[in-house]
Amino acid sequence: MDLSLSSIVRICGATRALDGASLSMRAGRVLALVGENGAGKTTAIHVACGLVAPDSGEVRAAGRSLPPGDAAAAIAAGVGVVHQHFMLVPAMSVADNIALGAEPRTGPLGLFVDRARVRREVLALAERHALPVDPDARVESLGVGERQRVEILKVLYRGARALLLDEPTAVLAPGEVDALLDTVRALAADGASVLFVSHKLDEVFAVADDIVVLRRGRVVLAKARADTTRDEVANAVVGEGHAPLEVHARAASVEARVALELQNVSTEGLGPISLRVMAGEVVGVAGVEGNGQRALAELIAGLAPVRAGVVRFDGRDAAGEGVVARRRAGIGYVPEDREGRGLVGELSVAENVMLGDPEVAASEGRFDRAEAARRAVAVIDRYGVRPADPWAPVHSLSGGNQQKVLLGRELARSLKVLVVAQPTRGVDLGAARALHEALREARAAGVAIVLISSELDELRALSDRIVVMRRGAFVGELRPDEAVDARLGALMVGGS
Amino acid sequence: MSGLLVFLSQVVSAALPVALAALGGVWSERAGVATIALEGYVLAGAFGAAVAALATGSAWVAAMAAMALGALLGWLFATATVRLRANAIVAGVAVNLLAAAGTRVALKVLYDSASNSPPLPLGASSGASVGIAALRELAASPALWMAPLLGLASHVALARSVFGLRVTACGENPSAARSLGVSVERVRTQALVLGAAIAALGGAQLTLHQREFVAYMSGGRGFLALAAVILGRWTPRGAIVWAVAIGALSALETTLAGDDTMVPRAALALLSPAAFRALVQALPFGLTLLAVMGRLGRARPPAALS
């Protein structure tokens, strides 16, 4: 079945998750949707299947317009989704999960679920599509690959003829990936249209008939696979030919002193990795989001446990130290989720500034309002926070001003190492400049900085060198002047 | 023999309100909404039954009225928690306060009393002292017949009906249900209204048994019911079994109150008879604490319970 999205706009808060994106799935063909995290792929799927309503634009299934934001209507029209995060009820059986919402009824007034029929139909579908499952098993007892088969059967059970698979291979082991790609091809050969979302160009080129690249909510490339190349797709993903980079003359401030050293360190979703950062050096970390950047940041900050390996600050072993000990030792952390993890929105600027101080956290007694206000005013004056009110609740500040408070709080302490993630995300240009300036000053003062960012321009503008992360490991290292988009993009997505 | 019968009838009449309230609690908690509002449902049901019994003289009409009033309160609670997304604990406290205050205001307005309704026109209460009479009285109670029926129906419905499957899905993973076009709001609202109606029937049993409504007469039974829900692992069968156990403890406490010589001698070395009785009464709550701490086997609540 053909399924098309035309000129979809979907606004989430201050950002346009989709900004006039159009794509069209054809019966019997596999359309690969490629893009970085945050490019709008998942939003596109949610719009297509009626989980969210677009702010404008239209979804058409087999030529007929679908009511916006109506999941039941989309299902009835034959649209089926396998979500990135499985939508399964672990405590229920495979058959119940598959039938839920489309239960065949039996008994008086059709009150009961016809489980015998569900079981029969599930087994028949499983057989026909070579997707073996045990209908009586509880989902919680299944592995990831089996759960995905249940999700696909769930969709087929409803007679879906347009299948949307949101990063289906992200959770699979290599052997399972091959089986899934076979399934995808078989479904298309059977006359269904399939949307296949992936970061991985190997898979995309192995399975797709058509390729669409989304970037910041817009379609930046839409071609048949035969008419494009991996390099072209990789460039489109990271965005070629945007604003020229601001290259700043770097003072030779890198000291010959290792401030942070990771040796074969691993934690959940990361490693083993090794990294050395000198005092006064900025190491940029590039990579498609979700490839271990957050684990790296939390590992250094002391939030994630060190499973194996050595962590040294200034040559001192700190693997066993917790957050307070590390903060006291001069480790600063600016998390990417500033409202959720960096600041407490209900509290004032002054209270937030005090929150990060391990001495305050560890001391007993009263809260020194005068001291808090003094420190807050220092941050406000230095970074130009608006409104200039130490007692304004942080949630009333704009994103850029919140970020100034957060970065200012960390830099107000005498730091040795600073981990900063996405410092200018969702921040206006003026604030971004001020934040970059603050980071440069910190570098000049000898702070070792690990800068995690999805903005390649930002990485090139601030970093002394750039490492690329993929699947929880470092896969390459480049100097800023050689880190052109094509090379970074190829390392990030694993193209040729 | 008659002593045993008296005791059993005491167990049943103590267990019935708790069992019905717990059954109601199973429905709403299985749908994923924490329901400390049970106490309010029981109290409202008790009052609704009194009003209807005084107006019609029929115990069955009284039971139906109690369920209707409970359903109304459950609908209010569902509107607050499901539609307006209020915190279920806060909204539950509000329902309990509303029921406590509302019944007192209505007592004053309808019967010009601060504490109790006029006696219900259902024949004098025999008390529980005469065995056969107590049994006969119990047999005339609608709740006695409806409780097992509702228990069985709930068990079958949760295990096998389409509605039960959807309630379970909404309680375990509402996003999954929503992604399949199931209206989580509607299913939860239905489950909450149903649960409140059943719980209110437990309140009706209180009034019909005592032959009058007394302010605050729910006396913590809603919370005991919540304990039964948790101890019974959110299943109708488990909840009823634990409600009966709680009823037995309560009957034991009543028996001990009438005869201090039945308090074990070992306990008397440490406690006064009154303190021992209080301990017996507190036992269900202690067990509940152990259950939620996972000390009594695996107690796994519905995953989306909030």
# chains A, B, ... in the order shown; residues from 1 in each chain; ligands from 1

$ residues_around --residues "stretch 134-150 of chain A" --least-positions-apart "2" --cutoff "9 Å" --atoms "only C-alpha atoms" --output "JSON list (two decimals) with N, CA, C and O atoms, in the first residue's frame"
[["chain", "number", "residue", "atom", "x", "y", "z"],
["A", 82, "VAL", "N", 6.50, -0.60, 14.02],
["A", 82, "VAL", "CA", 7.32, -1.26, 15.04],
["A", 82, "VAL", "C", 8.16, -0.16, 15.66],
["A", 82, "VAL", "O", 9.06, 0.40, 15.02],
["A", 86, "PHE", "N", 10.10, -0.88, 22.19],
["A", 86, "PHE", "CA", 9.00, -1.80, 21.93],
["A", 86, "PHE", "C", 7.77, -1.44, 22.74],
["A", 86, "PHE", "O", 7.86, -1.07, 23.91],
["A", 88, "LEU", "N", 5.31, -3.28, 24.10],
["A", 88, "LEU", "CA", 4.81, -4.59, 24.50],
["A", 88, "LEU", "C", 4.47, -4.56, 25.98],
["A", 88, "LEU", "O", 5.00, -3.75, 26.74],
["A", 89, "VAL", "N", 3.58, -5.45, 26.38],
["A", 89, "VAL", "CA", 3.24, -5.60, 27.78],
["A", 89, "VAL", "C", 3.96, -6.84, 28.30],
["A", 89, "VAL", "O", 3.56, -7.96, 28.00],
["A", 90, "PRO", "N", 5.06, -6.65, 29.02],
["A", 90, "PRO", "CA", 5.90, -7.79, 29.39],
["A", 90, "PRO", "C", 5.16, -8.85, 30.18],
["A", 90, "PRO", "O", 5.46, -10.04, 30.05],
["A", 91, "ALA", "N", 4.19, -8.45, 31.00],
["A", 91, "ALA", "CA", 3.52, -9.41, 31.87],
["A", 91, "ALA", "C", 2.48, -10.24, 31.12],
["A", 91, "ALA", "O", 1.91, -11.16, 31.69],
["A", 92, "MET", "N", 2.22, -9.93, 29.85],
["A", 92, "MET", "CA", 1.20, -10.68, 29.12],
["A", 92, "MET", "C", 1.84, -11.63, 28.11],
["A", 92, "MET", "O", 3.00, -11.49, 27.74],
["A", 93, "SER", "N", 1.04, -12.57, 27.62],
["A", 93, "SER", "CA", 1.57, -13.56, 26.68],
["A", 93, "SER", "C", 1.78, -12.94, 25.30],
["A", 93, "SER", "O", 1.25, -11.86, 25.00],
["A", 94, "VAL", "N", 2.53, -13.63, 24.47],
["A", 94, "VAL", "CA", 2.76, -13.19, 23.10],
["A", 94, "VAL", "C", 1.43, -13.03, 22.37],
["A", 94, "VAL", "O", 1.17, -12.01, 21.73],
["A", 95, "ALA", "N", 0.55, -14.03, 22.50],
["A", 95, "ALA", "CA", -0.74, -13.98, 21.80],
["A", 95, "ALA", "C", -1.57, -12.79, 22.26],
["A", 95, "ALA", "O", -2.16, -12.07, 21.45],
["A", 96, "ASP", "N", -1.61, -12.54, 23.58],
["A", 96, "ASP", "CA", -2.39, -11.42, 24.09],
["A", 96, "ASP", "C", -1.83, -10.09, 23.60],
["A", 96, "ASP", "O", -2.57, -9.17, 23.26],
["A", 97, "ASN", "N", -0.50, -9.99, 23.57],
["A", 97, "ASN", "CA", 0.12, -8.78, 23.06],
["A", 97, "ASN", "C", -0.25, -8.54, 21.61],
["A", 97, "ASN", "O", -0.48, -7.40, 21.20],
["A", 98, "ILE", "N", -0.29, -9.60, 20.85],
["A", 98, "ILE", "CA", -0.59, -9.45, 19.43],
["A", 98, "ILE", "C", -2.05, -9.08, 19.22],
["A", 98, "ILE", "O", -2.38, -8.25, 18.38],
["A", 118, "VAL", "N", -6.88, -16.60, 18.26],
["A", 118, "VAL", "CA", -5.66, -15.78, 18.23],
["A", 118, "VAL", "C", -4.44, -16.67, 18.03],
["A", 118, "VAL", "O", -3.59, -16.43, 17.18],
["A", 119, "ARG", "N", -4.41, -17.73, 18.83],
["A", 119, "ARG", "CA", -3.29, -18.65, 18.80],
["A", 119, "ARG", "C", -3.09, -19.23, 17.40],
["A", 119, "ARG", "O", -1.99, -19.26, 16.85],
["A", 122, "VAL", "N", -1.96, -16.51, 14.96],
["A", 122, "VAL", "CA", -0.57, -16.11, 15.20],
["A", 122, "VAL", "C", 0.39, -17.15, 14.63],
["A", 122, "VAL", "O", 1.36, -16.82, 13.95],
["A", 123, "LEU", "N", 0.06, -18.43, 14.88],
["A", 123, "LEU", "CA", 0.93, -19.49, 14.37],
["A", 123, "LEU", "C", 0.97, -19.48, 12.85],
["A", 123, "LEU", "O", 2.02, -19.66, 12.23],
["A", 126, "ALA", "N", 3.05, -16.52, 11.71],
["A", 126, "ALA", "CA", 4.46, -16.76, 12.00],
["A", 126, "ALA", "C", 5.06, -17.69, 10.96],
["A", 126, "ALA", "O", 6.17, -17.48, 10.47],
["A", 131, "LEU", "N", 8.59, -16.03, 10.89],
["A", 131, "LEU", "CA", 8.91, -15.28, 12.11],
["A", 131, "LEU", "C", 8.52, -16.14, 13.31],
["A", 131, "LEU", "O", 7.47, -15.94, 13.91],
["A", 132, "PRO", "N", 9.34, -17.13, 13.66],
["A", 132, "PRO", "CA", 8.93, -18.08, 14.70],
["A", 132, "PRO", "C", 8.75, -17.44, 16.07],
["A", 132, "PRO", "O", 9.61, -16.70, 16.54],
["A", 152, "ILE", "N", 6.51, -7.25, 14.97],
["A", 152, "ILE", "CA", 6.20, -7.30, 13.54],
["A", 152, "ILE", "C", 4.91, -8.09, 13.31],
["A", 152, "ILE", "O", 4.04, -7.69, 12.55],
["A", 153, "LEU", "N", 4.76, -9.20, 14.05],
["A", 153, "LEU", "CA", 3.54, -10.00, 13.92],
["A", 153, "LEU", "C", 2.32, -9.21, 14.35],
["A", 153, "LEU", "O", 1.24, -9.33, 13.79],
["A", 154, "LYS", "N", 2.50, -8.40, 15.39],
["A", 154, "LYS", "CA", 1.41, -7.56, 15.89],
["A", 154, "LYS", "C", 0.88, -6.68, 14.76],
["A", 154, "LYS", "O", -0.33, -6.51, 14.60],
["A", 155, "VAL", "N", 1.81, -6.13, 14.02],
["A", 155, "VAL", "CA", 1.46, -5.24, 12.93],
["A", 155, "VAL", "C", 0.80, -6.01, 11.79],
["A", 155, "VAL", "O", -0.22, -5.61, 11.25],
["A", 168, "PRO", "N", 14.94, -0.49, 13.61],
["A", 168, "PRO", "CA", 14.73, -1.87, 14.06],
["A", 168, "PRO", "C", 16.02, -2.61, 14.36],
["A", 168, "PRO", "O", 16.03, -3.56, 15.13],
["A", 171, "VAL", "N", 18.74, -2.51, 18.17],
["A", 171, "VAL", "CA", 18.77, -3.35, 19.36],
["A", 171, "VAL", "C", 19.24, -4.77, 19.07],
["A", 171, "VAL", "O", 19.32, -5.59, 19.98],
["A", 172, "LEU", "N", 19.53, -5.07, 17.80],
["A", 172, "LEU", "CA", 19.75, -6.46, 17.43],
["A", 172, "LEU", "C", 21.23, -6.84, 17.37],
["A", 172, "LEU", "O", 22.08, -6.00, 17.10],
["A", 173, "ALA", "N", 21.48, -8.11, 17.57],
["A", 173, "ALA", "CA", 22.82, -8.67, 17.36],
["A", 173, "ALA", "C", 23.00, -8.87, 15.85],
["A", 173, "ALA", "O", 22.02, -8.98, 15.12],
["A", 176, "GLU", "N", 20.96, -11.47, 14.04],
["A", 176, "GLU", "CA", 19.54, -11.12, 14.01],
["A", 176, "GLU", "C", 19.26, -10.05, 12.97],
["A", 176, "GLU", "O", 18.19, -10.00, 12.38],
["A", 177, "VAL", "N", 20.25, -9.18, 12.75],
["A", 177, "VAL", "CA", 20.08, -8.12, 11.76],
["A", 177, "VAL", "C", 19.86, -8.73, 10.38],
["A", 177, "VAL", "O", 18.95, -8.33, 9.65],
["A", 180, "LEU", "N", 16.45, -10.01, 10.04],
["A", 180, "LEU", "CA", 15.47, -8.93, 9.92],
["A", 180, "LEU", "C", 15.48, -8.36, 8.50],
["A", 180, "LEU", "O", 14.41, -8.11, 7.91]]

$ interface_residues --of "chain B" --to "chain A" --cutoff "12 Å" --atoms "only C-alpha atoms" --output "ChimeraX atom specification"
/B:153,156-184,187,300-304

$ write_last_selection --atoms "N, CA and C atoms" --output "mmCIF file, in the first residue's frame"
data_model
loop_
_atom_site.group_PDB
_atom_site.id
_atom_site.type_symbol
_atom_site.label_atom_id
_atom_site.label_comp_id
_atom_site.auth_asym_id
_atom_site.auth_seq_id
_atom_site.Cartn_x
_atom_site.Cartn_y
_atom_site.Cartn_z
ATOM 1 N N ALA B 153 -16.999 -13.204 38.980
ATOM 2 C CA ALA B 153 -17.107 -12.480 37.708
ATOM 3 C C ALA B 153 -15.834 -11.673 37.453
ATOM 4 N N VAL B 156 -13.006 -14.039 36.337
ATOM 5 C CA VAL B 156 -13.171 -14.489 34.952
ATOM 6 C C VAL B 156 -12.951 -13.320 33.987
ATOM 7 N N ALA B 157 -13.496 -12.167 34.346
ATOM 8 C CA ALA B 157 -13.402 -11.022 33.434
ATOM 9 C C ALA B 157 -11.949 -10.589 33.253
ATOM 10 N N LEU B 158 -11.206 -10.534 34.357
ATOM 11 C CA LEU B 158 -9.813 -10.091 34.234
ATOM 12 C C LEU B 158 -8.985 -11.098 33.451
ATOM 13 N N ALA B 159 -9.300 -12.385 33.649
ATOM 14 C CA ALA B 159 -8.480 -13.404 33.007
ATOM 15 C C ALA B 159 -8.846 -13.605 31.538
ATOM 16 N N ARG B 160 -10.130 -13.419 31.196
ATOM 17 C CA ARG B 160 -10.531 -13.901 29.879
ATOM 18 C C ARG B 160 -11.284 -12.921 29.002
ATOM 19 N N SER B 161 -11.812 -11.831 29.594
ATOM 20 C CA SER B 161 -12.622 -10.962 28.747
ATOM 21 C C SER B 161 -11.759 -9.946 28.013
ATOM 22 N N VAL B 162 -12.336 -9.387 26.965
ATOM 23 C CA VAL B 162 -11.656 -8.345 26.200
ATOM 24 C C VAL B 162 -11.389 -7.153 27.114
ATOM 25 N N PHE B 163 -12.404 -6.781 27.903
ATOM 26 C CA PHE B 163 -12.233 -5.649 28.810
ATOM 27 C C PHE B 163 -11.101 -5.911 29.802
ATOM 28 N N GLY B 164 -11.081 -7.123 30.352
ATOM 29 C CA GLY B 164 -10.044 -7.456 31.323
ATOM 30 C C GLY B 164 -8.647 -7.382 30.724
ATOM 31 N N LEU B 165 -8.528 -7.854 29.494
ATOM 32 C CA LEU B 165 -7.230 -7.808 28.813
ATOM 33 C C LEU B 165 -6.782 -6.362 28.644
ATOM 34 N N ARG B 166 -7.738 -5.525 28.275
ATOM 35 C CA ARG B 166 -7.394 -4.115 28.044
ATOM 36 C C ARG B 166 -7.079 -3.403 29.359
ATOM 37 N N VAL B 167 -7.820 -3.735 30.413
ATOM 38 C CA VAL B 167 -7.516 -3.138 31.723
ATOM 39 C C VAL B 167 -6.086 -3.510 32.123
ATOM 40 N N THR B 168 -5.759 -4.789 31.972
ATOM 41 C CA THR B 168 -4.409 -5.235 32.332
ATOM 42 C C THR B 168 -3.355 -4.506 31.507
ATOM 43 N N ALA B 169 -3.608 -4.381 30.211
ATOM 44 C CA ALA B 169 -2.641 -3.707 29.338
ATOM 45 C C ALA B 169 -2.466 -2.247 29.767
ATOM 46 N N CYS B 170 -3.571 -1.586 30.117
ATOM 47 C CA CYS B 170 -3.486 -0.182 30.537
ATOM 48 C C CYS B 170 -2.733 -0.054 31.854
ATOM 49 N N GLY B 171 -2.808 -1.072 32.685
ATOM 50 C CA GLY B 171 -2.104 -1.027 33.947
ATOM 51 C C GLY B 171 -0.639 -1.405 33.823
ATOM 52 N N GLU B 172 -0.319 -2.147 32.811
ATOM 53 C CA GLU B 172 1.059 -2.609 32.659
ATOM 54 C C GLU B 172 1.864 -1.714 31.733
ATOM 55 N N ASN B 173 1.292 -1.329 30.616
ATOM 56 C CA ASN B 173 2.016 -0.498 29.660
ATOM 57 C C ASN B 173 1.028 0.312 28.825
ATOM 58 N N PRO B 174 0.582 1.458 29.377
ATOM 59 C CA PRO B 174 -0.430 2.249 28.678
ATOM 60 C C PRO B 174 0.032 2.709 27.291
ATOM 61 N N SER B 175 1.333 2.940 27.116
ATOM 62 C CA SER B 175 1.789 3.369 25.782
ATOM 63 C C SER B 175 1.533 2.284 24.759
ATOM 64 N N ALA B 176 1.764 1.030 25.173
ATOM 65 C CA ALA B 176 1.523 -0.077 24.245
ATOM 66 C C ALA B 176 0.054 -0.119 23.868
ATOM 67 N N ALA B 177 -0.821 0.015 24.867
ATOM 68 C CA ALA B 177 -2.258 -0.016 24.589
ATOM 69 C C ALA B 177 -2.640 1.125 23.657
ATOM 70 N N ARG B 178 -2.104 2.306 23.942
ATOM 71 C CA ARG B 178 -2.453 3.477 23.129
ATOM 72 C C ARG B 178 -1.977 3.284 21.696
ATOM 73 N N SER B 179 -0.793 2.685 21.536
ATOM 74 C CA SER B 179 -0.251 2.524 20.188
ATOM 75 C C SER B 179 -1.096 1.558 19.363
ATOM 76 N N LEU B 180 -1.931 0.771 20.023
ATOM 77 C CA LEU B 180 -2.795 -0.160 19.300
ATOM 78 C C LEU B 180 -4.215 0.385 19.170
ATOM 79 N N GLY B 181 -4.377 1.661 19.466
ATOM 80 C CA GLY B 181 -5.676 2.281 19.276
ATOM 81 C C GLY B 181 -6.638 2.059 20.427
ATOM 82 N N VAL B 182 -6.144 1.511 21.547
ATOM 83 C CA VAL B 182 -6.998 1.348 22.725
ATOM 84 C C VAL B 182 -7.048 2.691 23.453
ATOM 85 N N SER B 183 -8.256 3.160 23.786
ATOM 86 C CA SER B 183 -8.360 4.417 24.516
ATOM 87 C C SER B 183 -8.076 4.166 25.989
ATOM 88 N N VAL B 184 -6.861 4.515 26.411
ATOM 89 C CA VAL B 184 -6.457 4.257 27.789
ATOM 90 C C VAL B 184 -7.364 5.027 28.760
ATOM 91 N N VAL B 187 -10.774 3.140 29.049
ATOM 92 C CA VAL B 187 -10.662 1.873 29.779
ATOM 93 C C VAL B 187 -10.433 2.133 31.271
ATOM 94 N N ARG B 300 4.492 -8.109 42.798
ATOM 95 C CA ARG B 300 4.754 -7.200 41.685
ATOM 96 C C ARG B 300 3.498 -6.445 41.292
ATOM 97 N N PRO B 301 3.482 -5.163 41.574
ATOM 98 C CA PRO B 301 2.299 -4.388 41.218
ATOM 99 C C PRO B 301 2.220 -4.197 39.710
ATOM 100 N N PRO B 302 1.038 -3.813 39.192
ATOM 101 C CA PRO B 302 0.955 -3.447 37.777
ATOM 102 C C PRO B 302 2.036 -2.414 37.459
ATOM 103 N N ALA B 303 2.732 -2.618 36.336
ATOM 104 C CA ALA B 303 3.936 -1.824 36.072
ATOM 105 C C ALA B 303 3.659 -0.327 35.983
ATOM 106 N N ALA B 304 2.461 0.030 35.530
ATOM 107 C CA ALA B 304 2.189 1.465 35.329
ATOM 108 C C ALA B 304 1.451 2.069 36.519
#

$ residues_around --residues "B:Val193" --least-positions-apart "3" --cutoff "10 Å" --atoms "only C-alpha atoms" --output "PDB file with N, CA and C atoms, in the first residue's frame"
ATOM      1  N   GLY B  24     -12.983  -3.952  44.533  1.00  0.00           N
ATOM      2  CA  GLY B  24     -13.012  -2.684  43.798  1.00  0.00           C
ATOM      3  C   GLY B  24     -11.606  -2.151  43.578  1.00  0.00           C
ATOM      4  N   TRP B  27      -9.776  -3.786  40.665  1.00  0.00           N
ATOM      5  CA  TRP B  27     -10.129  -3.261  39.335  1.00  0.00           C
ATOM      6  C   TRP B  27      -9.392  -1.969  39.031  1.00  0.00           C
ATOM      7  N   SER B  28      -9.394  -1.039  39.978  1.00  0.00           N
ATOM      8  CA  SER B  28      -8.777   0.232  39.606  1.00  0.00           C
ATOM      9  C   SER B  28      -7.260   0.147  39.607  1.00  0.00           C
ATOM     10  N   MET B  67     -24.055   1.494  45.382  1.00  0.00           N
ATOM     11  CA  MET B  67     -23.189   1.307  44.217  1.00  0.00           C
ATOM     12  C   MET B  67     -23.258   2.513  43.296  1.00  0.00           C
ATOM     13  N   ALA B  68     -24.446   3.088  43.163  1.00  0.00           N
ATOM     14  CA  ALA B  68     -24.594   4.260  42.290  1.00  0.00           C
ATOM     15  C   ALA B  68     -23.785   5.435  42.835  1.00  0.00           C
ATOM     16  N   GLY B  70     -21.238   5.259  44.840  1.00  0.00           N
ATOM     17  CA  GLY B  70     -19.823   4.915  44.679  1.00  0.00           C
ATOM     18  C   GLY B  70     -19.349   5.166  43.256  1.00  0.00           C
ATOM     19  N   ALA B  71     -20.195   4.766  42.293  1.00  0.00           N
ATOM     20  CA  ALA B  71     -19.826   4.956  40.893  1.00  0.00           C
ATOM     21  C   ALA B  71     -19.626   6.437  40.589  1.00  0.00           C
ATOM     22  N   LEU B  72     -20.506   7.267  41.166  1.00  0.00           N
ATOM     23  CA  LEU B  72     -20.397   8.706  40.948  1.00  0.00           C
ATOM     24  C   LEU B  72     -19.067   9.234  41.491  1.00  0.00           C
ATOM     25  N   LEU B  73     -18.738   8.789  42.698  1.00  0.00           N
ATOM     26  CA  LEU B  73     -17.484   9.220  43.316  1.00  0.00           C
ATOM     27  C   LEU B  73     -16.289   8.701  42.508  1.00  0.00           C
ATOM     28  N   GLY B  74     -16.415   7.468  42.023  1.00  0.00           N
ATOM     29  CA  GLY B  74     -15.357   6.886  41.200  1.00  0.00           C
ATOM     30  C   GLY B  74     -15.189   7.646  39.898  1.00  0.00           C
ATOM     31  N   TRP B  75     -16.308   8.122  39.357  1.00  0.00           N
ATOM     32  CA  TRP B  75     -16.231   8.895  38.126  1.00  0.00           C
ATOM     33  C   TRP B  75     -15.513  10.231  38.386  1.00  0.00           C
ATOM     34  N   LEU B  76     -15.807  10.837  39.535  1.00  0.00           N
ATOM     35  CA  LEU B  76     -15.106  12.072  39.914  1.00  0.00           C
ATOM     36  C   LEU B  76     -13.594  11.818  40.023  1.00  0.00           C
ATOM     37  N   PHE B  77     -13.256  10.739  40.707  1.00  0.00           N
ATOM     38  CA  PHE B  77     -11.851  10.378  40.897  1.00  0.00           C
ATOM     39  C   PHE B  77     -11.182  10.111  39.549  1.00  0.00           C
ATOM     40  N   ALA B  78     -11.908   9.417  38.658  1.00  0.00           N
ATOM     41  CA  ALA B  78     -11.362   9.117  37.333  1.00  0.00           C
ATOM     42  C   ALA B  78     -11.178  10.394  36.526  1.00  0.00           C
ATOM     43  N   ARG B 188      -9.529   3.070  31.576  1.00  0.00           N
ATOM     44  CA  ARG B 188      -9.255   3.352  32.987  1.00  0.00           C
ATOM     45  C   ARG B 188     -10.474   3.934  33.686  1.00  0.00           C
ATOM     46  N   THR B 189     -11.166   4.834  33.003  1.00  0.00           N
ATOM     47  CA  THR B 189     -12.351   5.426  33.623  1.00  0.00           C
ATOM     48  C   THR B 189     -13.375   4.342  33.932  1.00  0.00           C
ATOM     49  N   GLN B 190     -13.593   3.444  32.967  1.00  0.00           N
ATOM     50  CA  GLN B 190     -14.560   2.361  33.196  1.00  0.00           C
ATOM     51  C   GLN B 190     -14.141   1.493  34.377  1.00  0.00           C
ATOM     52  N   ALA B 196     -15.121   1.478  42.021  1.00  0.00           N
ATOM     53  CA  ALA B 196     -15.717   2.312  43.068  1.00  0.00           C
ATOM     54  C   ALA B 196     -17.097   1.796  43.440  1.00  0.00           C
ATOM     55  N   ALA B 197     -17.864   1.351  42.453  1.00  0.00           N
ATOM     56  CA  ALA B 197     -19.208   0.843  42.728  1.00  0.00           C
ATOM     57  C   ALA B 197     -19.127  -0.414  43.599  1.00  0.00           C
ATOM     58  N   ILE B 198     -18.201  -1.293  43.272  1.00  0.00           N
ATOM     59  CA  ILE B 198     -18.060  -2.526  44.055  1.00  0.00           C
ATOM     60  C   ILE B 198     -17.619  -2.200  45.480  1.00  0.00           C
ATOM     61  N   ALA B 199     -16.656  -1.270  45.593  1.00  0.00           N
ATOM     62  CA  ALA B 199     -16.168  -0.903  46.923  1.00  0.00           C
ATOM     63  C   ALA B 199     -17.292  -0.297  47.758  1.00  0.00           C
TER      64      ALA B 199
END

$ residues_around --residues "B:Arg221" --least-positions-apart "2" --cutoff "12 Å" --atoms "only C-alpha atoms" --output "NGL selection string"
:B and (14-22 or 25 or 36-43 or 46 or 199-200 or 202-203 or 205-206 or 216-219 or 223-228 or 243 or 246-247 or 250 or 281 or 284-285)

$ residues_around --residues "A:Gly430" --least-positions-apart "2" --cutoff "12 Å" --atoms "only C-alpha atoms" --output "list of chain:residue names"
A:Tyr383, A:Gly384, A:Val385, A:Gly399, A:Gly400, A:Asn401, A:Lys404, A:Thr424, A:Gly426, A:Val427, A:Asp428, A:Ala432, A:Arg433, A:Ala434, A:Leu435, A:His436, A:Glu437

$ select_by_dssp --residues "stretch 112-241 of chain B" --states "helix (DSSP H, G or I)" --output "PyMOL selection string"
chain B and resi 131-139+142-160+162-172+174-179+184-210+221-231+236-241

$ residues_around --residues "A:Leu397" --least-positions-apart "6" --cutoff "10 Å" --atoms "only C-alpha atoms" --output "list in words"
Gly345, Val349, Val385, Arg386, Pro387, Gln403 and Val405 of chain A

$ select_by_dssp --residues "stretch 167-208 of chain A" --states "strand (DSSP E or B)" --output "compact mmCIF listing (two decimals) with all heavy atoms, in the first residue's frame"
# COMPACT_ATOMS: atom_id res chain seq x y z
N SER A 193 4.45 -1.90 1.60
CA SER A 193 5.47 -0.86 1.55
C SER A 193 6.13 -0.81 2.93
O SER A 193 5.45 -0.99 3.94
CB SER A 193 4.85 0.50 1.21
OG SER A 193 3.88 0.86 2.16
N VAL A 194 7.45 -0.59 2.94
CA VAL A 194 8.18 -0.64 4.21
C VAL A 194 9.01 0.63 4.36
O VAL A 194 9.70 1.04 3.43
CB VAL A 194 9.11 -1.87 4.28
CG1 VAL A 194 9.82 -1.92 5.63
CG2 VAL A 194 8.34 -3.16 4.03
N LEU A 195 8.91 1.24 5.54
CA LEU A 195 9.80 2.35 5.88
C LEU A 195 10.81 1.81 6.88
O LEU A 195 10.44 1.26 7.91
CB LEU A 195 9.01 3.51 6.50
CG LEU A 195 9.85 4.75 6.83
CD1 LEU A 195 10.22 5.49 5.56
CD2 LEU A 195 9.10 5.67 7.77
N PHE A 196 12.07 1.98 6.55
CA PHE A 196 13.14 1.37 7.35
C PHE A 196 14.04 2.50 7.84
O PHE A 196 14.72 3.15 7.06
CB PHE A 196 13.91 0.40 6.45
CG PHE A 196 15.04 -0.32 7.10
CD1 PHE A 196 14.82 -1.48 7.83
CD2 PHE A 196 16.34 0.15 6.98
CE1 PHE A 196 15.88 -2.16 8.41
CE2 PHE A 196 17.39 -0.52 7.56
CZ PHE A 196 17.16 -1.68 8.28
N VAL A 197 14.00 2.75 9.15
CA VAL A 197 14.81 3.83 9.70
C VAL A 197 16.11 3.26 10.22
O VAL A 197 16.11 2.27 10.95
CB VAL A 197 14.05 4.54 10.85
CG1 VAL A 197 14.95 5.57 11.51
CG2 VAL A 197 12.79 5.19 10.31

$ atom_distance --atom1 "atom CA of A:Ala297" --atom2 "atom CA of A:Ala445"
21.3 Å

$ residues_around --residues "B:Thr255" --least-positions-apart "6" --cutoff "12 Å" --atoms "only C-alpha atoms" --output "VMD selection string"
chain B and resid 3 to 4 6 to 8 10 to 11 128 to 129 248 to 249 261 to 263 273 277 280
